[in-house]
>>> print(open('data_32.csv').read())   # CSV, C-alpha atoms
chain,number,residue,atom,x,y,z
A,1,MET,CA,-5.9,8.0,-17.4
A,2,ILE,CA,-5.2,8.0,-13.6
A,3,CYS,CA,-8.1,6.4,-11.6
A,4,PRO,CA,-9.2,8.9,-9.0
A,5,TYR,CA,-10.4,6.0,-6.7
A,6,CYS,CA,-7.1,4.0,-6.5
A,7,THR,CA,-4.6,6.2,-8.5
A,8,PHE,CA,-3.9,3.3,-10.9
A,9,SER,CA,-2.6,4.4,-14.4
A,10,ASN,CA,-5.1,3.0,-16.9
A,11,ILE,CA,-4.9,3.3,-20.7
A,12,GLU,CA,-6.5,6.5,-22.1
A,13,GLY,CA,-10.2,6.0,-22.8
A,14,ALA,CA,-10.8,3.1,-20.4
A,15,ASP,CA,-14.3,2.8,-19.2
A,16,TYR,CA,-13.3,1.0,-16.0
A,17,CYS,CA,-10.2,0.9,-13.8
A,18,ASP,CA,-8.2,-2.2,-14.4
A,19,ARG,CA,-7.2,-2.4,-10.7
A,20,CYS,CA,-10.3,-1.4,-8.7
A,21,GLY,CA,-13.1,-1.8,-11.3
A,22,GLN,CA,-14.6,1.6,-10.7
A,23,GLY,CA,-16.2,3.4,-13.7
A,24,LEU,CA,-14.1,6.0,-15.4
A,25,SER,CA,-16.4,7.2,-18.1
A,26,ASP,CA,-18.1,10.0,-16.1
A,27,LEU,CA,-15.1,11.7,-14.6
A,28,HIS,CA,-15.6,15.0,-16.4
A,29,LEU,CA,-16.6,17.2,-13.4
A,30,PRO,CA,-17.7,20.9,-13.7
A,31,SER,CA,-15.2,23.5,-12.5
A,32,PRO,CA,-15.5,24.1,-8.8
A,33,LEU,CA,-17.2,27.4,-7.9
A,34,THR,CA,-16.6,27.6,-4.1
A,35,LYS,CA,-13.7,27.0,-1.7
A,36,VAL,CA,-15.5,23.9,-0.4
A,37,GLU,CA,-15.9,22.5,-3.9
A,38,ARG,CA,-12.2,23.1,-4.7
A,39,SER,CA,-11.2,21.4,-1.4
A,40,LEU,CA,-13.4,18.3,-2.2
A,41,LEU,CA,-11.7,18.0,-5.7
A,42,LYS,CA,-8.2,18.7,-4.4
A,43,ASP,CA,-7.9,17.0,-1.0
A,44,ARG,CA,-7.3,13.3,-0.7
A,45,VAL,CA,-9.1,10.7,1.5
A,46,GLU,CA,-5.9,10.5,3.7
A,47,VAL,CA,-6.6,14.0,5.1
A,48,LEU,CA,-9.7,12.7,6.7
A,49,ASP,CA,-7.4,10.6,8.9
A,50,PRO,CA,-9.2,7.3,8.3
A,51,LYS,CA,-9.7,5.4,11.6
A,52,LYS,CA,-8.3,1.9,12.1
A,53,PRO,CA,-11.2,-0.4,11.5
A,54,ILE,CA,-12.2,-3.3,13.8
A,55,THR,CA,-12.1,-6.5,11.8
A,56,VAL,CA,-13.9,-9.7,12.5
A,57,PRO,CA,-13.8,-13.2,10.9
A,58,PRO,CA,-16.7,-14.3,8.8
A,59,ASP,CA,-17.7,-17.0,11.2
A,60,MET,CA,-18.1,-14.7,14.3
A,61,PRO,CA,-21.6,-14.9,15.7
A,62,VAL,CA,-23.6,-11.8,14.9
A,63,SER,CA,-24.4,-11.3,18.6
A,64,GLN,CA,-20.6,-10.8,19.3
A,65,VAL,CA,-20.3,-8.4,16.4
A,66,LEU,CA,-23.2,-6.3,17.7
A,67,GLN,CA,-21.6,-6.3,21.1
A,68,LEU,CA,-18.4,-5.0,19.5
A,69,LEU,CA,-20.3,-2.2,17.7
A,70,VAL,CA,-21.9,-1.1,21.0
A,71,GLU,CA,-18.8,-1.4,23.2
A,72,ASN,CA,-16.7,0.6,20.7
A,73,GLY,CA,-19.3,3.1,19.8
A,74,ILE,CA,-18.8,2.4,16.1
A,75,GLY,CA,-21.1,2.0,13.1
A,76,CYS,CA,-19.5,-0.9,11.4
A,77,VAL,CA,-16.9,-3.6,11.3
A,78,ILE,CA,-14.9,-5.0,8.4
A,79,VAL,CA,-15.2,-8.8,7.8
A,80,THR,CA,-11.9,-10.3,6.8
A,81,ASP,CA,-10.8,-13.7,5.8
A,82,ALA,CA,-7.0,-14.5,5.8
A,83,GLY,CA,-6.3,-10.8,5.7
A,84,ARG,CA,-8.6,-10.1,2.8
A,85,THR,CA,-11.6,-7.9,3.1
A,86,VAL,CA,-14.7,-9.9,2.2
A,87,GLY,CA,-17.5,-7.8,3.7
A,88,ILE,CA,-18.7,-5.0,5.9
A,89,PHE,CA,-21.3,-5.3,8.6
A,90,SER,CA,-22.9,-2.1,9.7
A,91,GLU,CA,-25.6,-0.9,12.0
A,92,ARG,CA,-27.8,-0.6,8.9
A,93,ASP,CA,-27.3,-4.3,8.1
A,94,ALA,CA,-28.3,-5.0,11.7
A,95,LEU,CA,-31.5,-3.0,11.4
A,96,ILE,CA,-32.5,-4.2,7.9
A,97,LYS,CA,-31.3,-7.8,7.9
A,98,LEU,CA,-31.7,-8.8,11.6
A,99,ASN,CA,-34.4,-6.4,12.8
A,100,THR,CA,-36.8,-8.1,15.3
A,101,ALA,CA,-35.4,-11.6,14.6
A,102,CYS,CA,-32.1,-10.6,16.2
A,103,GLY,CA,-32.5,-12.9,19.2
A,104,ASP,CA,-33.3,-15.9,17.0
A,105,LEU,CA,-30.3,-15.1,14.7
A,106,ALA,CA,-27.8,-14.3,17.4
A,107,ASP,CA,-25.7,-17.4,16.9
A,108,GLN,CA,-25.5,-17.2,13.1
A,109,PRO,CA,-22.3,-16.1,11.5
A,110,VAL,CA,-21.9,-12.4,10.5
A,111,SER,CA,-21.1,-13.5,7.0
A,112,GLN,CA,-24.8,-14.3,6.5
A,113,PHE,CA,-25.8,-10.6,7.2
A,114,MET,CA,-22.8,-8.6,6.0
A,115,THR,CA,-22.6,-6.6,2.8
A,116,ALA,CA,-20.2,-8.7,0.7
A,117,ASN,CA,-17.4,-7.2,-1.4
A,118,PRO,CA,-17.8,-3.6,-0.2
A,119,GLN,CA,-16.6,-0.8,-2.4
A,120,VAL,CA,-13.2,0.5,-1.2
A,121,LEU,CA,-11.2,3.7,-1.8
A,122,ASN,CA,-7.5,4.2,-2.1
A,123,SER,CA,-6.1,6.6,0.5
A,124,GLY,CA,-4.9,8.7,-2.4
A,125,ALA,CA,-8.5,9.1,-3.9
A,126,LYS,CA,-10.0,12.5,-3.8
A,127,ILE,CA,-12.6,13.2,-1.2
A,128,VAL,CA,-15.2,14.0,-3.8
A,129,PHE,CA,-15.1,10.3,-4.8
A,130,ALA,CA,-15.7,9.2,-1.3
A,131,VAL,CA,-18.7,11.5,-1.1
A,132,ARG,CA,-19.9,10.2,-4.5
A,133,ALA,CA,-19.5,6.5,-3.5
A,134,MET,CA,-21.4,7.1,-0.3
A,135,SER,CA,-24.2,9.0,-2.0
A,136,GLN,CA,-24.6,6.6,-4.9
A,137,GLY,CA,-24.3,3.4,-2.8
A,138,SER,CA,-26.2,4.8,0.2
A,139,TYR,CA,-23.2,3.9,2.3
A,140,ARG,CA,-22.2,5.7,5.5
A,141,HIS,CA,-18.8,3.9,5.7
A,142,VAL,CA,-16.2,3.2,3.1
A,143,PRO,CA,-13.1,1.1,3.7
A,144,VAL,CA,-9.7,2.6,2.7
A,145,VAL,CA,-6.9,0.6,1.2
A,146,ASP,CA,-3.3,1.2,0.3
A,147,GLU,CA,-1.6,0.7,-3.0
A,148,THR,CA,-1.4,-3.0,-2.4
A,149,ASN,CA,-5.1,-3.2,-1.6
A,150,GLN,CA,-4.5,-3.9,2.1
A,151,LEU,CA,-7.1,-2.4,4.5
A,152,THR,CA,-5.7,0.6,6.3
A,153,GLY,CA,-8.7,2.5,7.6
A,154,ILE,CA,-12.3,3.4,7.3
A,155,VAL,CA,-14.0,6.7,6.5
A,156,SER,CA,-17.5,7.6,7.7
A,157,ALA,CA,-20.1,10.1,6.7
A,158,ARG,CA,-19.3,11.8,10.0
A,159,ASP,CA,-15.7,12.2,9.0
A,160,ILE,CA,-16.8,14.0,5.8
A,161,LEU,CA,-19.2,16.2,7.6
A,162,ARG,CA,-16.5,17.2,10.0
A,163,TYR,CA,-14.2,18.0,7.0
A,164,LEU,CA,-16.9,20.0,5.3
A,165,THR,CA,-17.7,22.0,8.5
A,166,ALA,CA,-14.0,22.9,8.9
A,167,ARG,CA,-13.9,24.1,5.2
A,168,MET,CA,-17.0,26.3,5.6
A,169,GLN,CA,-15.6,28.4,8.4
>>> encode(input="data_32.csv", output="structure tokens")
Amino acid sequence: MICPYCTFSNIEGADYCDRCGQGLSDLHLPSPLTKVERSLLKDRVEVLDPKKPITVPPDMPVSQVLQLLVENGIGCVIVTDAGRTVGIFSERDALIKLNTACGDLADQPVSQFMTANPQVLNSGAKIVFAVRAMSQGSYRHVPVVDETNQLTGIVSARDILRYLTARMQ
């Protein structure tokens, strides 16, 4: 059974992917009825042209991270340690975890406020799985990795909306 998230070949009947750990038991999707549904099931995340993410170290002060978000007009950064993705810090993290205490917490490391071990998608995963991951996890951003699990990009809800808009025309 090929994992639709990371394209790893698992043994038939596996409940979870041996590479990425995603559940495989509920992959029986109904047949697509519309052009948009067919596109979501056929097209891969790579057609969304994932943007190159900005990465920060876990010890970067949260005030500097917030400044990066504002200066670059982005909604999140990926927290990496020795080239390995360890977390994601988004504008939602800032609002929920920092909120009005932002000034008092400005010098604290971003690792204290990031979402650790974010769910990632392989660039070969179908777009429907990106939509599913975002919906189930209430995410607006999903990191994209290559076959060696190296970070290559990031997909946002805005990217998916842009994709859907183009398919509806």
>>> closest_residue(input="data_32.csv", among="A:Gly83, A:Gly75, A:Gly21, A:Pro143", to="Lys52 of chain A", atoms="all atoms listed in the file")
A:Pro143
>>> residues_around(input="data_32.csv", residues="Ser123 of chain A", least_positions_apart="4", cutoff="9 Å", atoms="all atoms listed in the file", output="list in words")
Tyr5, Cys6, Arg44, Val45, Glu46, Val47, Pro50, Val144, Val145, Asp146, Glu147, Thr152 and Gly153 of chain A
>>> residues_around(input="data_32.csv", residues="Met1 of chain A", least_positions_apart="6", cutoff="6 Å", atoms="all atoms listed in the file", output="ChimeraX atom specification")
/A:9-12
>>> write_last_selection(input="data_32.csv", atoms="C-alpha atoms", output="mmCIF file, keeping the file's coordinate frame")
data_model
loop_
_atom_site.group_PDB
_atom_site.id
_atom_site.type_symbol
_atom_site.label_atom_id
_atom_site.label_comp_id
_atom_site.auth_asym_id
_atom_site.auth_seq_id
_atom_site.Cartn_x
_atom_site.Cartn_y
_atom_site.Cartn_z
ATOM 1 C CA SER A 9 -2.600 4.400 -14.400
ATOM 2 C CA ASN A 10 -5.100 3.000 -16.900
ATOM 3 C CA ILE A 11 -4.900 3.300 -20.700
ATOM 4 C CA GLU A 12 -6.500 6.500 -22.100
#
>>> atom_distance(input="data_32.csv", atom1="atom CA of Ala106 of chain A", atom2="atom CA of Gly137 of chain A")
27.1 Å
>>> residues_around(input="data_32.csv", residues="Met60 of chain A", least_positions_apart="5", cutoff="9 Å", atoms="only C-alpha atoms", output="list of chain:residue names")
A:Val65, A:Asp107, A:Gln108, A:Pro109, A:Val110, A:Ser111
>>> residues_around(input="data_32.csv", residues="segment 127-136 of chain A", least_positions_apart="6", cutoff="12 Å", atoms="only C-alpha atoms", output="ChimeraX atom specification")
/A:3-7,22-24,26-27,29,32,36-50,118-121,142-144,154-161,163-164
>>> atom_distance(input="data_32.csv", atom1="atom CA of Leu151 of chain A", atom2="atom CA of Phe8 of chain A")
16.7 Å
>>> closest_residue(input="data_32.csv", among="A:Leu66, A:Ile74, A:Ile88, A:Val79", to="Cys102 of chain A", atoms="all atoms listed in the file")
A:Leu66
>>> closest_residue(input="data_32.csv", among="A:Cys76, A:Ala82, A:Ala94, A:Met114", to="Gln150 of chain A", atoms="all atoms listed in the file")
A:Ala82
>>> atom_distance(input="data_32.csv", atom1="atom CA of Phe89 of chain A", atom2="atom CA of Phe113 of chain A")
7.1 Å
>>> closest_residue(input="data_32.csv", among="A:Gly13, A:Gly124, A:Pro61, A:Pro53", to="Asp104 of chain A", atoms="only C-alpha atoms")
A:Pro61
>>> decode(input="data_32.csv", residues="segment 55-96 of chain A", atoms="C-alpha atoms", output="CSV table (one decimal), in the first residue's frame")
chain,number,residue,atom,x,y,z
A,55,THR,CA,13.7,28.9,9.1
A,56,VAL,CA,14.8,30.0,12.5
A,57,PRO,CA,16.8,28.3,15.3
A,58,PRO,CA,14.9,27.2,18.5
A,59,ASP,CA,16.7,29.7,20.6
A,60,MET,CA,15.8,32.8,18.6
A,61,PRO,CA,13.9,35.3,20.7
A,62,VAL,CA,10.2,35.3,19.9
A,63,SER,CA,10.4,39.1,19.3
A,64,GLN,CA,12.8,38.6,16.4
A,65,VAL,CA,10.6,35.8,15.0
A,66,LEU,CA,7.6,38.1,15.1
A,67,GLN,CA,9.6,40.8,13.3
A,68,LEU,CA,10.5,38.2,10.6
A,69,LEU,CA,6.8,37.4,10.1
A,70,VAL,CA,5.9,41.1,9.7
A,71,GLU,CA,8.8,42.0,7.5
A,72,ASN,CA,8.3,39.1,5.1
A,73,GLY,CA,4.5,39.2,5.1
A,74,ILE,CA,4.2,35.6,6.0
A,75,GLY,CA,2.1,33.6,8.5
A,76,CYS,CA,4.7,31.2,9.9
A,77,VAL,CA,8.3,30.1,10.2
A,78,ILE,CA,9.8,26.7,10.5
A,79,VAL,CA,11.9,26.0,13.6
A,80,THR,CA,14.9,23.9,12.7
A,81,ASP,CA,17.8,22.4,14.8
A,82,ALA,CA,20.8,21.1,12.9
A,83,GLY,CA,18.8,21.0,9.7
A,84,ARG,CA,16.0,19.0,11.2
A,85,THR,CA,12.5,20.4,11.5
A,86,VAL,CA,11.5,20.5,15.2
A,87,GLY,CA,8.6,22.9,15.1
A,88,ILE,CA,6.5,25.6,13.4
A,89,PHE,CA,5.6,29.0,14.8
A,90,SER,CA,2.7,30.7,13.3
A,91,GLU,CA,0.7,33.9,13.7
A,92,ARG,CA,-1.9,31.7,15.5
A,93,ASP,CA,0.7,30.6,18.0
A,94,ALA,CA,1.5,34.3,18.6
A,95,LEU,CA,-2.1,35.2,19.2
A,96,ILE,CA,-3.0,32.2,21.4
